[in-house]
Every structure is written in structure tokens, then in C-alpha cells.
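Structure record follows, encoded as C-alpha cells.
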2 protein chains.
Amino acid sequence: MPRETVSHEEGAIYEFTPDLEPIAEVEPGTELTIETRDSLDGAVQADDDVIESVPDEVNAATGPIAVAGAEPGDVLAVEIEDVRVAEDRGRVITIDGFGLLDAYDEIEAPRTTITPVEEIGDADATDADGIIVFDDLAVPVDPVIGTIGVAPADESYTTLVPHDHGGNLDTTDVSAGNTAYFPVFQDGAMLAMGDCKAAMADGEMCGTGSEIATAIDVTVDVIDGADAAVDLGRPLVETPVAWKTIASAETMEDACELANLDAIDLLVAEHGFDPTEAYMFSSLVGGLEISQVVDPLVTVRNAIPKDYCEGPF
Amino acid sequence: MPRETVSHEEGAIYEFTPDLEPIAEVEPGTELTIETRDSLDGAVQADDDVIESVPDEVNAATGPIAVAGAEPGDVLAVEIEDVRVAEDRGRVITIDGFGLLDAYDEIEAPRTTITPVEEIGDADATDADGIIVFDDLAVPVDPVIGTIGVAPADESYTTLVPHDHGGNLDTTDVSAGNTAYFPVFQDGAMLAMGDCKAAMADGEMCGTGSEIATAIDVTVDVIDGADAAVDLGRPLVETPVAWKTIASAETMEDACELANLDAIDLLVAEHGFDPTEAYMFSSLVGGLEISQVVDPLVTVRNAIPKDYCEGPF
């Protein structure tokens, strides 16, 4: 099967709703290249392009893409093979009313810092894709997919919000070399993604990474829910060395609880532990990690090293 | 100078107060071996030894040790060369009213799981110090110093509580190969440490790691406050690859803010950034990490890779 391309110019959403209409339909196992525009729709090209308030439409997610045969209760697997930056600059911005330190007087908003991309790698490179320049500092390009998800069960969520369907997870592990898994809530799953960053710190404290357009190579697949060892209710990411549950909630404490409960489910399924044993074991290896602390809900993950968990699929 | 030994049998504290009396006095540059007992004072030796409620005295910290010449405004540097487990078992416990998932019905408290230590390494080893066994899983011994700190400025804090003086930080980076720095609030600094774990996950979700007695090799030193590029107000840890600010607060959101503000101070001092530039840059590299989510205050850190920060000392 030749690799299919889906571009943001064909369609992009600003809200994950239960009744999304696909712009493309693919079979399980399809290799896709998904082209995304930057989270600010190109509005910021220079340091004096500032964003006064959070736009009504932000984080355009290319799609939705229906995956044939995906049904509620299944799991959508998105193997991320490569994320390439597709323009010569990223942008880091502050917006009044947004960001971890928004309430502090010494932080200025709105402000924009353009981070030029240098030495863009060739299309086949999965690393060493160049650098971005911030002031006089060079930061390796290490792209992160900020917004990725599927059609939710009942509620609708703008692409600014993360929840059980994915959405604005802003999770550094959603990147090349890893596989993201999502619960399927609607026929066809309805995958969409965008809002990529050339680089991002865990936490995304100022409210953005270096926002940039990309081309993303993925292979999508569908796992029958009956073949999964856990009943996946929230996103999960697999890295070469760990399984990481991902949970979003109003507070970090609540997100930690959900991420830990999901990690406990993995350990119970893997080892036949009772929940308390799994809870105790989860306190010994891997642990809680911060994805982002700035979106309207915050996102936390709980890593379980693969040494102790082969995984649910 | 021969290495000096200070044992918990000579003295240990359950509260960091402004007016601590030292059990030992050492010169800057002294190499010390500090012997610690387990956080539960030996009360838990078998699976049927359970702890019904959080003890009034917990996390005994060996010390205090006065470091000659340390004065308020200085920085105490504690280079951690080795942490060796000193008994044949650790213990993981749940206590009713304590732990991330304490409110969940499926979690049983009190409960104890003894984790036997096998293949204890020799005294010179800094890694490969054996394993602990949880059920049928082997977890490498990778000791963490849970409670470490100095005499606070004004308030007193039990050794269950982390704050600006250190205390119950439960931070996995406070371990062999790293250096922990503390603000000096009182003459002599008054260093004390204990509450070690044979292994611990970031988050320490169930409320403990594998609690264990240890022998800790450190070198203590004093940095003149005037020689520091930042006015250190909270603990800081240096690993081979990063500087990590450490902040404790009532909520994780508040702790994230403090840890990020301290990281911004490091970047401002290093690069001459204004605070907003430093905030933006902090959103690109390293990032926020979770230390623990269970102590009466929670603890978060913000990592800045050494690639972008030579450090303040």
C-alpha cells in the first residue's frame, strides 16, 4: 500500500465532537503522512506578531480520519514513525490570561519569540532534524505532537482541551519512535492531530513550545477491545522502554490519581496483583510525570518501565 | 582528613527547628558517613507488622551536623557519593489516611509488603547494589534519601513535611552521584538526613518507597552566598546532566510555580535573560518533574539541562 497523505488543507478541526465527519477513510495498517499547520494558523511570523488573547480557534487538528472497522470498545493504535518540521521557524508566545505564571507581574504578555529553524534534516531523518535558535542558544529539534485524539463518547471538547479522548495532551512522549493508543468511542475512531512543537519542555509552562507546522508519518491500526488486557478508558503511550498512562483533570492531584489508577490496572492485568499490591509496586518503579500544567485541564502520566510490564496489547 | 561517621544512635531529629543543637561539628570539605535507620524506626519487620496511623515521630533524620563557618545567606553543598542499604529488607506500606489513593475503596490500608534485599553490594559500590524483591519481581536497589535538610529560618517542620529548608523532599534525584544544595538559615546550617528508600518511584504514590536503613557517604561544603549567582531560597540538586530546582507547596500547581520561578532565576543569572525570556526558554528544554504527591505538602522540581546552564556556583 503506498503511503497516503492527508493535509490540513483538506480539513482540520478545532473541536473533537462525538459526530465528526471524516475527510479521509483508511484501512487498518495504512501508512499515512499527516500534514499539520502551526497551532496559531500562521498568524505569528515575527516577534512583533503578538496574540492578545487565546483565539476562539486554536490547535487546528488535521482530520478527522476514519479507520475502517474501528468500533466503540476497540483501541486505536497510532505508531509515530517520524515528525518533521515543515517550515523555517517556530514561535514561542505568552498570552495574557494563559500560562503557569500568568499572575506574576514580572512576566510580560503578550510577547512572541520567533525561533528560527536551522539545518532542517532530510525527509527520512527521525532525529538530528536540525536546531531551533532561541536568543543565542541552539535547541535540538525534537518534535512533539501537541494535540491528537479521537471522537469523544458524549461531550465535545475544543482542541485547547485534553480529556479521555486525547485532544490537547501536550505530552512530550507523543513523538517519533513511540506509539499512542486511544479508546475508540465512535465508529471509525476519527483520528485528528496537529499543534506540533519543534521542542517542548515537560510542563509547557509559558503556554506553548516552539509551535510549528509539520509532516507526521504514522501507521494506524485497530486493536479489538476483546484482545486488550485492560479496558482502556484514556490515552496510553508506549515508548521503547515504558508504558505511560495519560490522564487529564481539573487539578494535578486529580490527574495523578487517574494516571496512577490506570497504571494499577496495567500492573493488575500483567501480574495478577490485587489493586493494593499494584499501588505499592507503582510506588517503586517509574512514576508520575508532568505533561502540561497550562491547558484548561492539566495532564499527568504514570510510567511503568517495560522491565515490569509487557503491556496490554 | 579521615572520613568521619555520624550514626543515628548518636542522635536523630523528628523536627527541623530554627534552634537545633548539633550532635557533631565538622569543617567544610569533611567527608562523612551518615548512618540512618529506616523511616519507621524498625517497627515493621514482617508483612504482619502494619502501621495503623501516621506515627507522631517518623522519618528520623540523623544529625544535626553543624558545618563550621556556615552562616545565614550561605549555601550548604552536600555531595552524595554513595548510599548503601544497611539491612536485609525494605518495607512498603499503606497507612489509612495517607497516600495518593487513600480515598479509593479498592486500596487496602494498613498493609505491609516486605521487600527482601538480595546480593547486597560491597561497601565501595555506587551502583549494582543488589535487588529488592517484590512478590516475584526484582527491582534494582537504587537508594534515595527521602528526608534531608537544614535548620529553617523561623518556623519548625516535622520530618514528615518538606519546605524551603528541605525536609521530607522524597526526591529521587537526592541520590548517589548528585549534589544537593540548601540555603543556610542558621549558623552551622545543621544538616540532618534519613528516611531512605532502597527504591522509589517519582510520586511515591502509596506513601512510601521501600523504606530501609542506610549508610550514606557525603562531602559537605559551604558556599559563600556572595559567590552564588542566585539568592538560593529553596533546595537545588545537581545531577551529571541537569540542575533541578525543588519546591514544596500545598498544591502541585503552587509547587510548579515556585519551581519554575527558581528555574527562571537560574536562567536569568546564566544568560542575562529578562524573566519572560527565561520563562519562554524554560518551556522548551528539561521541564517540570514530580517528586512526591503524598506528604502534607507536595514537591515538584524543574530541570534545566546543563547544556543550557552551567549553574549558579
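Chain labels follow the order of the C-alpha cells: the first chain is A, the next B, and so on; residue numbering restarts at 1 in every chain, and ligands are counted from 1 in their shown order.
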Using only C-alpha atoms, which chain A residues lie at most 6 Å away from chain B, written as a list in words?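 Going by the stated atoms only, the list reads Ile107, Glu108, Ala199, Met200, Ala201, Asp202, Gly203, Glu204, Met205, Cys206, Gly209, Thr276, Met280, Ser283, Leu284, Val285, Gly286, Gly287, Leu288, Glu289 and Ile290 of chain A.
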Export N, CA, C and O atoms of the chosen residues as a short mmCIF file (atom, residue, chain, number, x, y, z; two decimals), in the first residue's frame?
```
data_model
loop_
_atom_site.label_atom_id
_atom_site.label_comp_id
_atom_site.auth_asym_id
_atom_site.auth_seq_id
_atom_site.Cartn_x
_atom_site.Cartn_y
_atom_site.Cartn_z
N ILE A 107 6.24 38.69 34.53
CA ILE A 107 6.05 38.01 33.25
C ILE A 107 5.22 38.90 32.33
O ILE A 107 4.13 39.34 32.68
N GLU A 108 5.76 39.12 31.14
CA GLU A 108 5.13 40.02 30.17
C GLU A 108 4.31 39.22 29.16
O GLU A 108 4.79 38.24 28.58
N ALA A 199 10.15 21.90 19.75
CA ALA A 199 10.71 21.48 21.04
C ALA A 199 9.74 21.91 22.11
O ALA A 199 9.02 22.92 21.95
N MET A 200 9.67 21.14 23.19
CA MET A 200 8.79 21.50 24.31
C MET A 200 9.31 20.86 25.58
O MET A 200 9.76 19.71 25.59
N ALA A 201 9.26 21.61 26.67
CA ALA A 201 9.61 21.08 27.99
C ALA A 201 8.40 20.40 28.60
O ALA A 201 7.25 20.80 28.36
N ASP A 202 8.63 19.38 29.43
CA ASP A 202 7.55 18.85 30.24
C ASP A 202 6.98 19.99 31.07
O ASP A 202 7.70 20.67 31.80
N GLY A 203 5.68 20.20 30.94
CA GLY A 203 5.01 21.28 31.66
C GLY A 203 4.47 22.35 30.73
O GLY A 203 3.45 22.93 30.98
N GLU A 204 5.23 22.64 29.68
CA GLU A 204 4.83 23.68 28.70
C GLU A 204 4.42 24.96 29.44
O GLU A 204 3.37 25.55 29.17
N MET A 205 5.29 25.40 30.36
CA MET A 205 4.91 26.38 31.35
C MET A 205 4.40 27.71 30.79
O MET A 205 3.43 28.27 31.29
N CYS A 206 5.05 28.26 29.77
CA CYS A 206 4.61 29.57 29.28
C CYS A 206 3.35 29.46 28.43
O CYS A 206 2.79 30.48 28.03
N GLY A 209 5.14 25.46 23.34
CA GLY A 209 6.51 25.10 23.00
C GLY A 209 6.91 26.03 21.86
O GLY A 209 6.46 27.19 21.80
N THR A 276 -4.07 -3.12 45.67
CA THR A 276 -3.15 -2.56 46.66
C THR A 276 -1.71 -2.98 46.37
O THR A 276 -0.78 -2.17 46.51
N MET A 280 1.29 -0.37 45.57
CA MET A 280 2.59 -0.40 46.25
C MET A 280 3.72 -0.53 45.22
O MET A 280 4.73 0.16 45.30
N SER A 283 4.72 2.47 43.35
CA SER A 283 5.48 3.45 44.15
C SER A 283 6.97 3.15 44.17
O SER A 283 7.74 3.88 44.80
N LEU A 284 7.37 2.06 43.49
CA LEU A 284 8.78 1.66 43.49
C LEU A 284 9.50 1.91 42.17
O LEU A 284 10.73 2.08 42.16
N VAL A 285 8.79 1.87 41.05
CA VAL A 285 9.46 1.95 39.75
C VAL A 285 8.76 2.97 38.85
O VAL A 285 7.55 3.19 38.97
N GLY A 286 9.52 3.57 37.94
CA GLY A 286 8.93 4.55 37.02
C GLY A 286 8.36 5.71 37.82
O GLY A 286 9.03 6.28 38.67
N GLY A 287 7.10 6.05 37.56
CA GLY A 287 6.47 7.06 38.40
C GLY A 287 5.70 8.09 37.62
O GLY A 287 5.50 8.00 36.41
N LEU A 288 5.26 9.10 38.37
CA LEU A 288 4.42 10.16 37.81
C LEU A 288 5.28 11.19 37.07
O LEU A 288 6.36 11.55 37.53
N GLU A 289 4.76 11.66 35.95
CA GLU A 289 5.44 12.66 35.13
C GLU A 289 4.44 13.75 34.74
O GLU A 289 3.26 13.48 34.59
N ILE A 290 4.95 14.94 34.53
CA ILE A 290 4.08 16.07 34.17
C ILE A 290 4.09 16.26 32.66
O ILE A 290 5.16 16.36 32.04
#
```
**Item:** Selection near stretch 161-176 of chain B, 7 Å with only C-alpha atoms, sequence-local residues under 2 positions removed, as a VMD selection string
**Value:** chain B and resid 80 to 83 126 143 to 152 157 to 159 178 180 182 to 183 200 202 233 to 235 248 291 to 292 295 to 297 299
Save out the residues we just selected, N, CA, C and O atoms, as a compact mmCIF listing (two decimals), in the first residue's frame.
```txt
# COMPACT_ATOMS: atom_id res chain seq x y z
N ILE B 80 26.69 13.80 47.33
CA ILE B 80 26.29 12.46 47.76
C ILE B 80 27.08 11.45 46.94
O ILE B 80 26.86 11.28 45.74
N GLU B 81 28.04 10.83 47.60
CA GLU B 81 28.94 9.92 46.87
C GLU B 81 28.39 8.51 46.78
O GLU B 81 28.56 7.82 45.78
N ASP B 82 27.72 8.07 47.84
CA ASP B 82 27.22 6.69 47.85
C ASP B 82 26.11 6.59 48.89
O ASP B 82 26.18 7.24 49.93
N VAL B 83 25.12 5.79 48.58
CA VAL B 83 24.10 5.44 49.57
C VAL B 83 23.97 3.92 49.54
O VAL B 83 23.58 3.34 48.52
N THR B 126 28.89 1.95 44.05
CA THR B 126 27.94 3.05 43.97
C THR B 126 26.74 2.68 43.12
O THR B 126 25.80 3.43 43.02
N PRO B 143 19.16 3.60 45.83
CA PRO B 143 18.69 4.29 47.04
C PRO B 143 18.44 5.79 46.86
O PRO B 143 19.16 6.49 46.13
N VAL B 144 17.42 6.24 47.54
CA VAL B 144 17.00 7.65 47.57
C VAL B 144 17.01 8.11 49.03
O VAL B 144 16.53 7.39 49.91
N ILE B 145 17.55 9.31 49.26
CA ILE B 145 17.47 9.91 50.60
C ILE B 145 16.15 10.68 50.66
O ILE B 145 15.97 11.68 49.97
N GLY B 146 15.22 10.22 51.49
CA GLY B 146 13.88 10.81 51.50
C GLY B 146 13.82 12.14 52.23
O GLY B 146 13.17 13.08 51.78
N THR B 147 14.48 12.19 53.39
CA THR B 147 14.43 13.40 54.22
C THR B 147 15.84 13.93 54.40
O THR B 147 16.73 13.21 54.86
N ILE B 148 16.04 15.18 54.03
CA ILE B 148 17.36 15.81 54.16
C ILE B 148 17.12 17.31 54.21
O ILE B 148 16.34 17.86 53.42
N GLY B 149 17.79 17.98 55.14
CA GLY B 149 17.58 19.41 55.22
C GLY B 149 18.44 20.06 56.29
O GLY B 149 19.34 19.43 56.86
N VAL B 150 18.11 21.32 56.49
CA VAL B 150 18.86 22.16 57.43
C VAL B 150 17.88 22.87 58.36
O VAL B 150 16.66 22.82 58.16
N ALA B 151 18.41 23.53 59.35
CA ALA B 151 17.57 24.29 60.29
C ALA B 151 16.84 25.41 59.54
O ALA B 151 17.47 26.18 58.82
N PRO B 152 15.51 25.49 59.68
CA PRO B 152 14.74 26.52 58.95
C PRO B 152 14.96 27.92 59.53
O PRO B 152 15.57 28.08 60.60
N TYR B 157 9.34 22.47 61.27
CA TYR B 157 8.68 21.50 60.39
C TYR B 157 9.05 20.10 60.86
O TYR B 157 10.24 19.79 60.97
N THR B 158 8.05 19.25 61.10
CA THR B 158 8.38 17.86 61.42
C THR B 158 9.06 17.23 60.20
O THR B 158 8.97 17.75 59.08
N THR B 159 9.69 16.10 60.43
CA THR B 159 10.39 15.41 59.35
C THR B 159 9.42 14.73 58.38
O THR B 159 9.85 14.07 57.43
N ASN B 178 24.88 12.72 42.81
CA ASN B 178 24.33 14.07 42.70
C ASN B 178 24.74 14.92 43.90
O ASN B 178 25.18 14.41 44.92
N ALA B 180 23.25 17.94 46.46
CA ALA B 180 22.09 18.73 46.91
C ALA B 180 22.60 20.00 47.58
O ALA B 180 23.58 19.97 48.34
N PHE B 182 21.41 23.51 49.79
CA PHE B 182 20.37 24.06 50.67
C PHE B 182 20.74 25.48 51.08
O PHE B 182 21.91 25.75 51.36
N PRO B 183 19.74 26.35 51.18
CA PRO B 183 20.02 27.67 51.76
C PRO B 183 20.40 27.49 53.23
O PRO B 183 19.82 26.65 53.93
N MET B 200 12.38 3.90 44.87
CA MET B 200 11.19 4.75 44.96
C MET B 200 10.84 5.28 43.58
O MET B 200 11.72 5.66 42.81
N ASP B 202 9.04 8.19 41.18
CA ASP B 202 8.62 9.59 41.24
C ASP B 202 7.13 9.62 41.61
O ASP B 202 6.31 9.00 40.93
N GLY B 233 16.77 30.27 47.70
CA GLY B 233 15.73 30.30 48.72
C GLY B 233 15.14 28.94 49.04
O GLY B 233 14.42 28.77 50.02
N ARG B 234 15.44 27.98 48.18
CA ARG B 234 14.90 26.62 48.33
C ARG B 234 15.96 25.62 47.89
O ARG B 234 16.95 26.01 47.25
N PRO B 235 15.74 24.33 48.13
CA PRO B 235 16.74 23.34 47.72
C PRO B 235 16.93 23.29 46.21
O PRO B 235 16.04 23.65 45.43
N SER B 248 8.25 22.91 47.36
CA SER B 248 7.15 22.23 48.04
C SER B 248 6.07 23.24 48.37
O SER B 248 6.36 24.38 48.74
N SER B 291 8.21 15.06 42.38
CA SER B 291 8.96 14.36 43.41
C SER B 291 8.03 13.48 44.23
O SER B 291 8.17 12.27 44.27
N GLN B 292 7.05 14.11 44.90
CA GLN B 292 6.11 13.32 45.70
C GLN B 292 4.78 14.04 45.81
O GLN B 292 4.73 15.27 45.80
N ASP B 295 3.09 13.73 50.80
CA ASP B 295 3.42 14.32 52.10
C ASP B 295 2.48 15.50 52.33
O ASP B 295 1.80 15.96 51.43
N PRO B 296 2.41 16.00 53.56
CA PRO B 296 1.44 17.10 53.81
C PRO B 296 1.62 18.27 52.86
O PRO B 296 0.65 18.93 52.53
N LEU B 297 2.82 18.55 52.40
CA LEU B 297 3.00 19.42 51.24
C LEU B 297 3.56 18.56 50.11
O LEU B 297 4.23 17.56 50.36
N THR B 299 5.80 18.05 46.43
CA THR B 299 7.11 18.53 45.97
C THR B 299 7.27 18.29 44.47
O THR B 299 6.99 17.19 43.98
```
Residue nearest B:Thr17 among B:Ala269, B:Ala249, B:Cys196, B:Ala153 (counting only C-alpha atoms):
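When distances to B:Thr17 are compared using only C-alpha atoms, the smallest one comes from B:Ala153.
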Requested in this report: Write out as a ChimeraX atom specification all residues of stretch 25-162 of chain A that backbone DSSP assigns to strand (DSSP E or B).
Outcome: /A:25-26,31-36,61-67,75-85,89-94,111-118,131-134,137-140,144-149,157-158,162
Original post:
Could you pull the residues within 9 Å of A:Gly69, counting only C-alpha atoms, minus those fewer than 5 positions along the same chain, as a PyMOL selection string?
Top reply: chain A and resi 27-28+187-189+222
Using only C-alpha atoms, what does the table of stretch 84-111 of chain B residues within 7 Å of stretch 46-67 of chain B look like, with each row giving the shortest atom pair and its distance in Å to one decimal, sorted by chain and ascending number, as JSON lines?
```
{"residue": "B:Ile95", "atom": "CA", "partner": "B:Ser53", "partner_atom": "CA", "distance": 5.7}
{"residue": "B:Asp96", "atom": "CA", "partner": "B:Ser53", "partner_atom": "CA", "distance": 6.1}
{"residue": "B:Pro110", "atom": "CA", "partner": "B:Glu52", "partner_atom": "CA", "distance": 5.8}
{"residue": "B:Arg111", "atom": "CA", "partner": "B:Val50", "partner_atom": "CA", "distance": 5.6}
```
File of the preceding selection, C-alpha atoms, as a compact mmCIF listing (two decimals), in the first residue's frame:
```
# COMPACT_ATOMS: atom_id res chain seq x y z
CA ILE B 95 -1.47 3.69 56.15
CA ASP B 96 -5.11 4.66 56.49
CA PRO B 110 -2.96 -0.61 56.61
CA ARG B 111 -0.91 -3.17 54.73
```
